[in-house]
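Asker: Pasting a structure here, questions to come.
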Number of protein chains: 2
Amino acid sequence: MERIRTIEAQQHVGQRVRLQGWLHSLRQLGGITFLVLRDGWGTMQAVSEDMSAFSALNEQGCGVESLITLEGLAVSEVQAPGGIELHQPIVQVITPISEPPPVALNKRKLSAQATTLLDHAVVTNRHPTRRAVLRLASGVMQGYRTALQAKHFTEIQTPKIVASATESGANVFKLDYFGRPAYLAQSPQFYKQIMVGVFERVFEVGPVFRAEPHDTTRHINEYVSLDAEMGFIEDHFTVMAVLRDVIDAILTTLRTQYAADLALLQVQMPTVPERIPHIHFADAQELILREHGLDVRGEPDLSPQDERWLGEWAKREFGSDFLFVTGYPMRKRPFYTHPDPQRPAYSNSFDLLFRGVELVTGGQRLHRYDDYLAALAAAKLPLEPFESYLEAFKYGMPPHGGFAIGSERLVMQLTGLSNVKLATTFPRDIQRLTP
Amino acid sequence: MERIRTIEAQQHVGQRVRLQGWLHSLRQLGGITFLVLRDGWGTMQAVSEDMSAFSALNEQGCGVESLITLEGLAVSEVQAPGGIELHQPIVQVITPISEPPPVALNKRKLSAQATTLLDHAVVTNRHPTRRAVLRLASGVMQGYRTALQAKHFTEIQTPKIVASATESGANVFKLDYFGRPAYLAQSPQFYKQIMVGVFERVFEVGPVFRAEPHDTTRHINEYVSLDAEMGFIEDHFTVMAVLRDVIDAILTTLRTQYAADLALLQVQMPTVPERIPHIHFADAQELILREHGLDVRGEPDLSPQDERWLGEWAKREFGSDFLFVTGYPMRKRPFYTHPDPQRPAYSNSFDLLFRGVELVTGGQRLHRYDDYLAALAAAKLPLEPFESYLEAFKYGMPPHGGFAIGSERLVMQLTGLSNVKLATTFPRDIQRLTP
C-alpha cells in the first residue's frame, strides 16, 4: 500500500491507508487508546479499544518521537482533530526512541523560555506551532517571488563575500579571504543597483549579515532580506506602488496556500488598501507634536514610539495596518539616496510601517555618475572602494529605486511573536552561534 | 503613452508605441539610419531615412549606453531582428553617455578575454549573450523550486555563519564573530538533515562557501547550491528518482519560458530519459579497464577523465546525456554517509554525471543516533561540535537522503561555457573579490 500524507487522508475516507511519521502522542482514556502520528505536514489520530493494536510500541520501548508506520481505516469523525481518524490501526516501528524530548512537543502550546526553545531548536522546531511559523516564512518567500516574477523582475544571486563594507564601516563581519581582509555583505544594495543596468527589474532573496552588537528581541545578526530594485521610475512613489502590490500578493499567497498555519496561530490577517496611506516625515513629526505633545521636529529619524503612534493614527484615520512615511531627512540616509528635488534636505525615500513597526525601507537612488562623485565627495568617502559600483553609472543608468523587506520581521509582526529570533529556523545573535 | 517593453511590441503592430532603454547601437547605411534600443528584456530597431529624427542624440553628445525614450510606429518587417521595427521614430534623451564602454556591447559576440569580461562584469553583463546566460541561471532556480514545491518540499533558509566546519576542517573561511571564531557554511548539509525532522521534505537555494585555493576554470569560492533532503526513503534510489524529475522540470522550465535565451546561445538541450541509466562505481571501474585499458580499480574516486569516458559510454549505449554512478567507496565519503548494507565498503551514494561532468552529489545518510556515535568515533572526530546535529537523531529521524546541485555548473554545462566563472553575475575566486 502506498504511503499517503496525513493531510491527504480526507480523500481516502472509507479506505485503509498507510501513514508514516513520528509518534506524536499516545494516551488512554476510558479503555480507549488514542495514538497521534505526526508527519511533515500534519497529524492524524488513530483510535482503538484493543490495546494490543499498539503492542509493538511497548515491546520496543517506544516513547514519543519514535518513527512508525501506521495503517488503518480512514473514518469521518466530527470529534477528531481535522474531522478524520483511523480505526482498526496496525502499528509498525521503524526506529524506537526512548528518551523524552527536552520540551514536550505534543502539548497545544510550547511552554518554555525563548532560550530553551532556541537552544533546542533542532527539536522544538518540530512543534506544530513552530512549524506553522516556519512554514509561513517559506510562504512569504514564495509569495514575494511570485509577485515579482509576474511583474517581470528577474531573480538574481549576488556575492555575499565582498571587498569592502557596503553601507558603512561599522557593523560588518570581517573575514580572512586567502590572507586578504574581506567582509560579509550587509545588503545586496550595490549589486542590485548594478543589475538594474542589466535586467532593469531584479530581485533577490538571500542572507544578509549585520554585526550589530545588540542583544534584544528585535535583533538578529543574519537574516533573510527580500530585495528588489527597478529602473525607469518616476520617483519613489513608483517603487511604493510596486511594493504595495508585492505585500498584497504575499498576504494572498498566505491566505490561499497557508490557511491552516494562519488558523493554528490565530493570525489576524491585515488587508492592504488599494492605496496605502502616506505621510511626509515632516508632517509626521508635526502630527506627533499635535496629537501627543512631544516635539520631535529636530530629530533626523523616527523612534519606535513615534512609529507606534503613527501606526495607531493610520489605523484610526484610514483603517489601515500599513502606512508609508516618506521624505526622511537626507542627513541620515546613505550617500546613494536621491534628494527631493523640491526640498533637498529631504529625500525621495520611504519606510513602510506595518502595525506601527518599520517593515520595509526603500527609495529612489541617485542615477547620474556626476551625482555619485559629488555625493561621495560630500560624504568624505574615497572613490577607490566604489570603483566597480561607479562603473555602472559611468556607462548609463536609468532613474531607479527599490526596497528591502526583512522577512523575519514580517513573520514576527504577522504572527505576533514577541521575539524576532523565533521567526527563523536557527537564529544568530551576539551570543548564539548554535544550533 | 504608456511605456511598453521591447518584447511586447509584437502585440502593438500598427500602433505607435513608447519604449525606454539604452542606446544599443546607431549606424547609417545607404542614407538610412538604424537605431537599436536595448531594455531589460530585448532590443528593438528603429529606422528612419530622415536623420533629423535622431538629432537629439547628436546635440547632447550621446554615445552608446545613453538612456533614451523612443517612440515610433510598430511595423512588421521580416528583415528586422525579431520581425518588428519602429518607423517614424522620435527620440528623447534621458541621460547622455559619451564614454564608450570598455568592451563593445553591440557586437553579436563578446570578444574579450575572460579576465576583461570579469573585471568589467558590471558592464559586460549587459551584453545580450551574458544576459541570456544569467537569465538561464535564474530559470534554473525557478524550475528547481517549482519542481520541489509540486513534490511537497518546503523551502528553508539556514544559517551561513556556523560555529564549526561542516564537512572537514579544511577549505573553510574563518570569520571573527564578536571576538569568537566562526566559519562560513560549506553546505547546508547538517541543517537540511535536521529540518527533515521538521518538514520531512525540504529544499534550499542559497550561497555556499569553499575556501579551495585552486585557480582553475572549474572553481569558484562562493556558489549557489540547490539543496534538497527528504525523509522516509527506501534508499538512495528513492532520492535519485526525485532528482530525475527535478532535472527534467528544470529543463522544461527553460524550454518553455527561456526559449529565446536558449536560441541565442544555441544551446543543445538534453532530454532526460524516463529512467536515467545507472552504473555501480565498481562496475564503472571495470568498464574503464575493459574499454580503455586503464586500471583504476584501486582508486577511491573517479577522475575527470573517468567521468568523461563514462559520459561517452552512456551517450553511446543509452543515448543519454545523464548517467548515475552509484556506490562510491565509503572511505572517501563523509561520516554521515549510509553504507550499502550488502557491501559495506561501498556507500548508498551517487553522483549524477551530465555530459561527462559531475553535476550532482547525493545519497542516503545515516539516521540512527547510535550509528552516528559509531561513525564519529571511527572517524576519530570529537562529539562536541556535533552536539546540536546529533540531537536530531537522538529524538528520532527517518531514513533519509538528499542531493546538492551546483547551479553554476549546470548553467556552464548546458550553455557550453568554458569557464564556470562566467555562469554567475559576479564570481569570487582566489584572486577576485570585485566587482
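Ordering of the C-alpha cells sets the chain letters (A, B, ...), residue numbers begin anew at 1 in every chain, and ligands are numbered from 1 in the order given.
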Would you mind listing, for every residue of chain A within 6 Å of chain B, the two atoms forming the shortest contact and the distance between them in Å to one decimal, using only C-alpha atoms, sorted by chain and ascending residue number, as CSV?
Answerer:
```
residue,atom,partner,partner_atom,distance
A:Gly40,CA,B:Phe199,CA,4.1
A:Glu65,CA,B:Gly396,CA,5.5
A:Ser66,CA,B:Gly396,CA,5.6
A:Val122,CA,B:Ala392,CA,6.0
A:Arg126,CA,B:Val198,CA,4.7
A:Ser138,CA,B:Glu155,CA,5.6
A:Glu155,CA,B:Ser138,CA,5.6
A:Ala163,CA,B:Leu433,CA,5.5
A:Lys174,CA,B:Asp176,CA,6.0
A:Leu175,CA,B:Leu175,CA,4.7
A:Asp176,CA,B:Lys174,CA,6.0
A:Val198,CA,B:Arg126,CA,4.7
A:Phe199,CA,B:Gly40,CA,4.1
A:Glu200,CA,B:Gly40,CA,4.8
A:Ser388,CA,B:Pro435,CA,5.5
A:Ala392,CA,B:Val122,CA,5.9
A:Tyr395,CA,B:Glu65,CA,5.9
A:Gly396,CA,B:Glu65,CA,5.5
A:Leu433,CA,B:Ala163,CA,5.5
A:Pro435,CA,B:Ser388,CA,5.5
```
Asker: Mind checking which residues fall within 9 Å of Ile247 of chain A, counting only C-alpha atoms, ignoring those fewer than 2 positions away in the same chain, and posting them as a count of residues only?
Answerer: 12
Asker: Go through segment 36-193 of chain B and collect every residue that DSSP, computed from the backbone, puts in helix (DSSP H, G or I); the answer should be as an MDAnalysis selection string.
Answerer: chainID B and resid 51:59 81:83 114:119 121:124 128:150 189:193
Asker: Next, write the just-selected residues to a file, as a CSV table (one decimal), in the first residue's frame, keeping C-alpha atoms as the atom set.
Answerer:
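Once written, selection_18.csv looks like this:
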```csv
chain,number,residue,atom,x,y,z
B,51,MET,CA,18.5,61.7,-39.8
B,52,SER,CA,16.9,64.6,-38.0
B,53,ALA,CA,14.7,62.1,-36.2
B,54,PHE,CA,17.8,61.3,-34.1
B,55,SER,CA,19.2,64.8,-33.9
B,56,ALA,CA,18.6,65.0,-30.1
B,57,LEU,CA,21.3,62.3,-29.8
B,58,ASN,CA,24.0,64.4,-31.6
B,59,GLU,CA,23.0,67.6,-29.9
B,81,PRO,CA,15.6,41.4,-35.9
B,82,GLY,CA,12.6,39.9,-34.2
B,83,GLY,CA,10.4,40.6,-37.2
B,114,ALA,CA,37.5,36.2,-19.6
B,115,THR,CA,39.6,38.4,-17.3
B,116,THR,CA,38.3,41.6,-19.1
B,117,LEU,CA,34.8,40.3,-19.0
B,118,LEU,CA,35.0,39.6,-15.3
B,119,ASP,CA,36.9,42.8,-14.4
B,121,ALA,CA,31.2,42.5,-15.3
B,122,VAL,CA,29.2,45.5,-14.1
B,123,VAL,CA,29.0,46.5,-17.8
B,124,THR,CA,29.7,43.3,-19.8
B,128,PRO,CA,22.8,40.1,-24.8
B,129,THR,CA,24.7,36.8,-24.6
B,130,ARG,CA,25.8,37.4,-21.0
B,131,ARG,CA,22.2,38.4,-20.1
B,132,ALA,CA,20.9,35.1,-21.7
B,133,VAL,CA,23.3,33.1,-19.5
B,134,LEU,CA,22.4,34.9,-16.3
B,135,ARG,CA,18.7,34.7,-17.2
B,136,LEU,CA,19.1,30.9,-17.6
B,137,ALA,CA,20.7,30.8,-14.1
B,138,SER,CA,17.5,32.5,-12.9
B,139,GLY,CA,15.4,30.0,-14.8
B,140,VAL,CA,17.3,27.1,-13.2
B,141,MET,CA,16.4,28.3,-9.7
B,142,GLN,CA,12.8,28.9,-10.8
B,143,GLY,CA,12.4,25.4,-12.3
B,144,TYR,CA,14.1,23.8,-9.3
B,145,ARG,CA,11.7,25.5,-6.8
B,146,THR,CA,8.6,24.7,-8.9
B,147,ALA,CA,9.5,21.1,-9.2
B,148,LEU,CA,10.2,20.6,-5.5
B,149,GLN,CA,7.1,22.6,-4.3
B,150,ALA,CA,5.0,20.3,-6.5
B,189,GLN,CA,24.1,19.6,4.9
B,190,PHE,CA,23.5,19.4,8.6
B,191,TYR,CA,20.7,21.9,8.7
B,192,LYS,CA,18.8,20.3,5.8
B,193,GLN,CA,19.0,17.0,7.6
```
Asker: Distance atom CA of Arg16 of chain B-atom CA of Gly72 of chain B, one decimal place?
Answerer: 5.2 Å
Asker: Restricting the calculation to only C-alpha atoms: of A:Val267, A:Ala46, A:Leu105, A:Ala259, which residue gets closest to Leu414 of chain A?
Answerer: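 Under the stated criterion, the closest residue is A:Val267.
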Asker: Please measure the separation of atom CA of Pro188 of chain B and atom CA of Ser225 of chain B, giving the value in Å to one decimal.
Answerer: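 Between atom CA of Pro188 of chain B and atom CA of Ser225 of chain B the gap works out to 8.8 Å.
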Asker: Quick one: everything within 9 Å of segment 292-301 of chain A, counting only C-alpha atoms, minus sequence neighbours fewer than 5 positions away in the same chain. Send it as a PyMOL selection string.
Answerer: chain A and resi 281-282+285-287+306+309+328-332
Asker: Produce a file of the selected residues containing C-alpha atoms, as a CSV table (one decimal), in the first residue's frame.
Answerer:
```csv
chain,number,residue,atom,x,y,z
A,281,PHE,CA,8.3,62.7,7.5
A,282,ALA,CA,8.0,66.4,8.4
A,285,GLN,CA,6.6,65.0,13.3
A,286,GLU,CA,4.1,67.8,13.3
A,287,LEU,CA,1.3,65.3,13.8
A,306,ASP,CA,6.9,57.6,17.0
A,309,TRP,CA,1.9,56.4,17.3
A,328,TYR,CA,13.3,61.1,5.5
A,329,PRO,CA,16.0,63.7,6.0
A,330,MET,CA,19.0,63.3,3.7
A,331,ARG,CA,21.5,63.7,6.6
A,332,LYS,CA,20.7,60.2,8.0
```
